[in-house]
Amino acid sequence: MISVVSYSQEYFDGVRLLWEEVFPNDPPWNHADVAIPEKLRIQPELFLIALDVERVIGTAMCGYDGHRGWLYSVAVKPEAQRNKIGSLLLNEAEHRLTAMGCVKINLQIRAGNEAVIAFYRHHGYDVEDRVSMGKRVSA
């Protein structure tokens, strides 16, 4: 049975292994040992874990700044994809964000990831005419 729960420390190793598998080329600041402690400082209830019994098979990290909601690190183990787990995570993330007053959710997808773009389109997300920019302000 698949369940979606808020993150707790017992899931750290499962999340770390999942992210290493699903996001193999992520920069160091996105690795579990850096990203998870930072997320737990702010809105830890918006870090969701999909479990198959006790095994981590998916994640969705979210945030809300009072203006926009954001989705980050939405991941499902490759062998569990196309089994509605991503949809369960997305629905719970949207539910938690809208309960906080969020009226718009944004996300970023790496260029060329057509399967992920199709997944979000299926759930009502559209490509917006924007330029995504960023700047690292610390090491």
# chains A, B, ... in the order shown; residues from 1 in each chain; ligands from 1
call {"tool": "select_by_dssp", "arguments": {"residues": "chain A", "states": "alpha helix (DSSP H)", "output": "ChimeraX atom specification"}}
result
/A:12-22,32-41,85-99,114-122
call {"tool": "select_by_dssp", "arguments": {"residues": "chain A", "states": "strand (DSSP E)", "output": "PyMOL selection string"}}
result
chain A and resi 2-6+47-52+55-64+69-76+105-107
call {"tool": "residues_around", "arguments": {"residues": "Glu79 in chain A", "least_positions_apart": "2", "cutoff": "12 Å", "atoms": "only C-alpha atoms", "output": "list in words"}}
result
Leu18, Glu21, Val22, Ile57, Gly58, Ala75, Val76, Lys77, Gln81, Arg82, Asn83 and Ile85 of chain A
call {"tool": "closest_residue", "arguments": {"among": "A:Phe47, A:Phe119, A:Phe12, A:Trp29", "to": "Tyr72 in chain A", "atoms": "only C-alpha atoms"}}
result
A:Phe47
call {"tool": "atom_distance", "arguments": {"atom1": "CA of Ser6 in chain A", "atom2": "CA of Ala50 in chain A"}}
result
8.9 Å
call {"tool": "atom_distance", "arguments": {"atom1": "CA of Leu97 in chain A", "atom2": "CA of Tyr120 in chain A"}}
result
16.5 Å
call {"tool": "closest_atom_pairs", "arguments": {"of": "range 58-126 of chain A", "to": "range 30-39 of chain A", "cutoff": "12 Å", "atoms": "only C-alpha atoms", "output": "Markdown table"}}
result
| residue | atom | partner | partner_atom | distance |
| --- | --- | --- | --- | --- |
| A:Thr59 | CA | A:Ile36 | CA | 11.4 |
| A:Ala60 | CA | A:Lys39 | CA | 11.5 |
| A:Met61 | CA | A:Lys39 | CA | 8.1 |
| A:Cys62 | CA | A:Lys39 | CA | 9.0 |
| A:Gly63 | CA | A:Lys39 | CA | 8.9 |
| A:Tyr64 | CA | A:Lys39 | CA | 11.9 |
| A:Tyr72 | CA | A:Asn30 | CA | 10.0 |
| A:Ser73 | CA | A:Asn30 | CA | 8.7 |
call {"tool": "closest_residue", "arguments": {"among": "A:Lys104, A:Arg110, A:Arg41, A:Arg55", "to": "Leu17 in chain A", "atoms": "only C-alpha atoms"}}
result
A:Arg55
call {"tool": "atom_distance", "arguments": {"atom1": "CA of Ala118 in chain A", "atom2": "CA of Ser87 in chain A"}}
result
12.4 Å
call {"tool": "closest_residue", "arguments": {"among": "A:Gly14, A:Asp129, A:Pro28, A:Val74", "to": "Glu92 in chain A", "atoms": "only C-alpha atoms"}}
result
A:Val74
call {"tool": "residues_around", "arguments": {"residues": "Arg121 in chain A", "least_positions_apart": "6", "cutoff": "12 Å", "atoms": "only C-alpha atoms", "output": "PDB file with N, CA and C atoms, in the first residue's frame"}}
result
ATOM      1  N   SER A  87       1.575  11.320  -9.183  1.00  0.00           N
ATOM      2  CA  SER A  87       0.284  12.010  -9.077  1.00  0.00           C
ATOM      3  C   SER A  87      -0.154  12.135  -7.624  1.00  0.00           C
ATOM      4  N   LEU A 107       7.184  25.577 -10.991  1.00  0.00           N
ATOM      5  CA  LEU A 107       8.223  24.557 -10.934  1.00  0.00           C
ATOM      6  C   LEU A 107       9.153  24.772 -12.102  1.00  0.00           C
ATOM      7  N   ILE A 109      11.785  22.657 -14.806  1.00  0.00           N
ATOM      8  CA  ILE A 109      12.155  21.366 -15.372  1.00  0.00           C
ATOM      9  C   ILE A 109      13.367  21.601 -16.256  1.00  0.00           C
ATOM     10  N   GLU A 114      11.280  15.800 -21.724  1.00  0.00           N
ATOM     11  CA  GLU A 114       9.934  15.773 -22.300  1.00  0.00           C
ATOM     12  C   GLU A 114       8.957  14.908 -21.514  1.00  0.00           C
ATOM     13  N   ALA A 115       9.415  13.820 -20.928  1.00  0.00           N
ATOM     14  CA  ALA A 115       8.513  12.955 -20.155  1.00  0.00           C
ATOM     15  C   ALA A 115       7.976  13.692 -18.930  1.00  0.00           C
ATOM     16  N   VAL A 127       3.595  25.392 -19.877  1.00  0.00           N
ATOM     17  CA  VAL A 127       4.867  26.077 -20.063  1.00  0.00           C
ATOM     18  C   VAL A 127       4.565  27.559 -20.156  1.00  0.00           C
ATOM     19  N   GLU A 128       5.252  28.355 -19.349  1.00  0.00           N
ATOM     20  CA  GLU A 128       5.071  29.803 -19.350  1.00  0.00           C
ATOM     21  C   GLU A 128       6.274  30.457 -20.022  1.00  0.00           C
TER      22      GLU A 128
END
call {"tool": "closest_residue", "arguments": {"among": "A:Val4, A:Leu89, A:Ala80, A:Val15", "to": "Leu51 in chain A", "atoms": "only C-alpha atoms"}}
result
A:Val4
call {"tool": "closest_residue", "arguments": {"among": "A:Leu71, A:Leu46, A:Val5, A:Val56", "to": "Met100 in chain A", "atoms": "only C-alpha atoms"}}
result
A:Leu46
call {"tool": "closest_residue", "arguments": {"among": "A:Ser132, A:Gln43, A:Asn106, A:Asn113", "to": "Arg68 in chain A", "atoms": "only C-alpha atoms"}}
result
A:Asn106
call {"tool": "decode", "arguments": {"residues": "chain A", "atoms": "C-alpha atoms", "output": "compact mmCIF listing (two decimals), in the first residue's frame"}}
result
# COMPACT_ATOMS: atom_id res chain seq x y z
CA MET A 1 0.00 0.00 0.00
CA ILE A 2 1.36 3.42 -1.01
CA SER A 3 1.13 6.28 1.48
CA VAL A 4 2.29 9.90 1.41
CA VAL A 5 3.69 11.25 4.68
CA SER A 6 5.72 14.19 5.91
CA TYR A 7 9.46 13.58 6.03
CA SER A 8 11.09 12.29 9.20
CA GLN A 9 14.76 11.46 9.80
CA GLU A 10 14.18 7.71 9.47
CA TYR A 11 13.69 8.26 5.71
CA PHE A 12 17.00 10.06 5.12
CA ASP A 13 18.92 7.13 3.59
CA GLY A 14 16.00 6.20 1.35
CA VAL A 15 15.67 9.78 0.10
CA ARG A 16 19.42 10.10 -0.45
CA LEU A 17 19.52 6.89 -2.51
CA LEU A 18 16.43 7.91 -4.50
CA TRP A 19 17.83 11.33 -5.35
CA GLU A 20 21.21 9.85 -6.33
CA GLU A 21 19.39 7.52 -8.72
CA VAL A 22 16.86 9.99 -10.15
CA PHE A 23 19.04 13.15 -10.14
CA PRO A 24 22.54 11.74 -10.84
CA ASN A 25 23.97 15.02 -12.15
CA ASP A 26 22.58 17.36 -9.51
CA PRO A 27 24.98 19.95 -8.11
CA PRO A 28 26.30 19.44 -4.57
CA TRP A 29 23.91 21.99 -3.02
CA ASN A 30 20.98 19.78 -4.09
CA HIS A 31 22.37 16.63 -2.45
CA ALA A 32 20.36 15.18 0.43
CA ASP A 33 22.92 15.97 3.12
CA VAL A 34 22.70 19.68 2.24
CA ALA A 35 19.12 20.13 1.01
CA ILE A 36 17.26 18.15 3.66
CA PRO A 37 18.57 19.97 6.76
CA GLU A 38 17.86 23.30 5.07
CA LYS A 39 14.31 22.26 4.16
CA LEU A 40 13.65 21.06 7.70
CA ARG A 41 14.39 24.60 8.97
CA ILE A 42 11.55 26.09 6.89
CA GLN A 43 8.14 24.50 6.33
CA PRO A 44 9.18 20.91 7.05
CA GLU A 45 5.54 19.86 6.58
CA LEU A 46 6.02 20.61 2.89
CA PHE A 47 8.59 17.83 2.43
CA LEU A 48 6.58 14.79 1.33
CA ILE A 49 7.64 11.17 1.12
CA ALA A 50 5.87 8.40 -0.81
CA LEU A 51 6.25 5.06 0.93
CA ASP A 52 5.60 1.52 -0.22
CA VAL A 53 5.09 0.13 3.26
CA GLU A 54 8.31 1.58 4.79
CA ARG A 55 10.41 1.90 1.61
CA VAL A 56 10.94 5.38 0.17
CA ILE A 57 9.79 5.38 -3.44
CA GLY A 58 9.11 9.08 -4.02
CA THR A 59 9.56 12.64 -2.78
CA ALA A 60 8.15 16.10 -3.32
CA MET A 61 9.70 19.10 -1.65
CA CYS A 62 7.52 22.23 -1.69
CA GLY A 63 7.64 25.79 -0.51
CA TYR A 64 5.31 28.75 -0.18
CA ASP A 65 6.50 32.32 0.26
CA GLY A 66 3.08 33.95 0.64
CA HIS A 67 3.00 34.84 -3.05
CA ARG A 68 3.82 31.68 -5.01
CA GLY A 69 4.17 28.01 -4.28
CA TRP A 70 7.09 26.02 -5.65
CA LEU A 71 7.72 22.35 -6.29
CA TYR A 72 11.23 20.91 -5.98
CA SER A 73 12.78 17.46 -5.95
CA VAL A 74 9.71 15.63 -7.20
CA ALA A 75 11.09 12.15 -7.75
CA VAL A 76 9.80 8.60 -8.09
CA LYS A 77 11.93 5.47 -8.26
CA PRO A 78 12.18 4.48 -11.93
CA GLU A 79 10.66 1.03 -11.37
CA ALA A 80 7.66 2.64 -9.62
CA GLN A 81 6.99 5.31 -12.24
CA ARG A 82 3.73 5.27 -14.19
CA ASN A 83 1.92 3.84 -11.16
CA LYS A 84 0.27 7.12 -10.05
CA ILE A 85 2.85 7.74 -7.29
CA GLY A 86 3.94 11.04 -8.82
CA SER A 87 0.28 12.01 -9.08
CA LEU A 88 -0.28 11.15 -5.41
CA LEU A 89 2.68 13.30 -4.39
CA LEU A 90 1.61 16.15 -6.65
CA ASN A 91 -1.98 16.07 -5.38
CA GLU A 92 -0.85 16.12 -1.74
CA ALA A 93 1.61 18.94 -2.44
CA GLU A 94 -1.11 20.98 -4.14
CA HIS A 95 -3.51 20.27 -1.27
CA ARG A 96 -1.01 21.41 1.38
CA LEU A 97 -0.03 24.51 -0.58
CA THR A 98 -3.61 25.60 -1.27
CA ALA A 99 -4.49 25.03 2.40
CA MET A 100 -1.83 27.67 3.17
CA GLY A 101 -3.50 30.15 0.80
CA CYS A 102 -1.36 29.48 -2.26
CA VAL A 103 -3.12 30.31 -5.55
CA LYS A 104 -0.28 29.60 -8.04
CA ILE A 105 2.37 26.91 -8.11
CA ASN A 106 5.59 27.13 -10.10
CA LEU A 107 8.22 24.56 -10.93
CA GLN A 108 11.28 24.27 -13.10
CA ILE A 109 12.15 21.37 -15.37
CA ARG A 110 15.49 20.86 -17.04
CA ALA A 111 15.30 21.54 -20.77
CA GLY A 112 14.75 18.44 -22.85
CA ASN A 113 13.00 16.42 -20.15
CA GLU A 114 9.93 15.77 -22.30
CA ALA A 115 8.51 12.96 -20.15
CA VAL A 116 8.39 15.20 -17.09
CA ILE A 117 6.91 18.06 -19.11
CA ALA A 118 4.17 15.69 -20.31
CA PHE A 119 3.50 14.56 -16.72
CA TYR A 120 2.93 18.12 -15.52
CA ARG A 121 0.88 19.06 -18.59
CA HIS A 122 -1.37 16.09 -17.80
CA HIS A 123 -1.92 17.67 -14.38
CA GLY A 124 -2.84 21.10 -15.74
CA TYR A 125 0.54 22.84 -15.70
CA ASP A 126 1.56 24.88 -18.74
CA VAL A 127 4.87 26.08 -20.06
CA GLU A 128 5.07 29.80 -19.35
CA ASP A 129 7.08 32.28 -21.38
CA ARG A 130 9.76 33.04 -18.78
CA VAL A 131 13.51 33.08 -18.48
CA SER A 132 14.75 31.27 -15.41
CA MET A 133 17.77 32.91 -13.83
CA GLY A 134 19.76 32.13 -10.73
CA LYS A 135 22.79 33.22 -8.78
CA ARG A 136 24.71 31.29 -6.13
CA VAL A 137 25.33 33.71 -3.25
CA SER A 138 27.41 31.38 -1.08
CA ALA A 139 29.71 28.41 -1.53
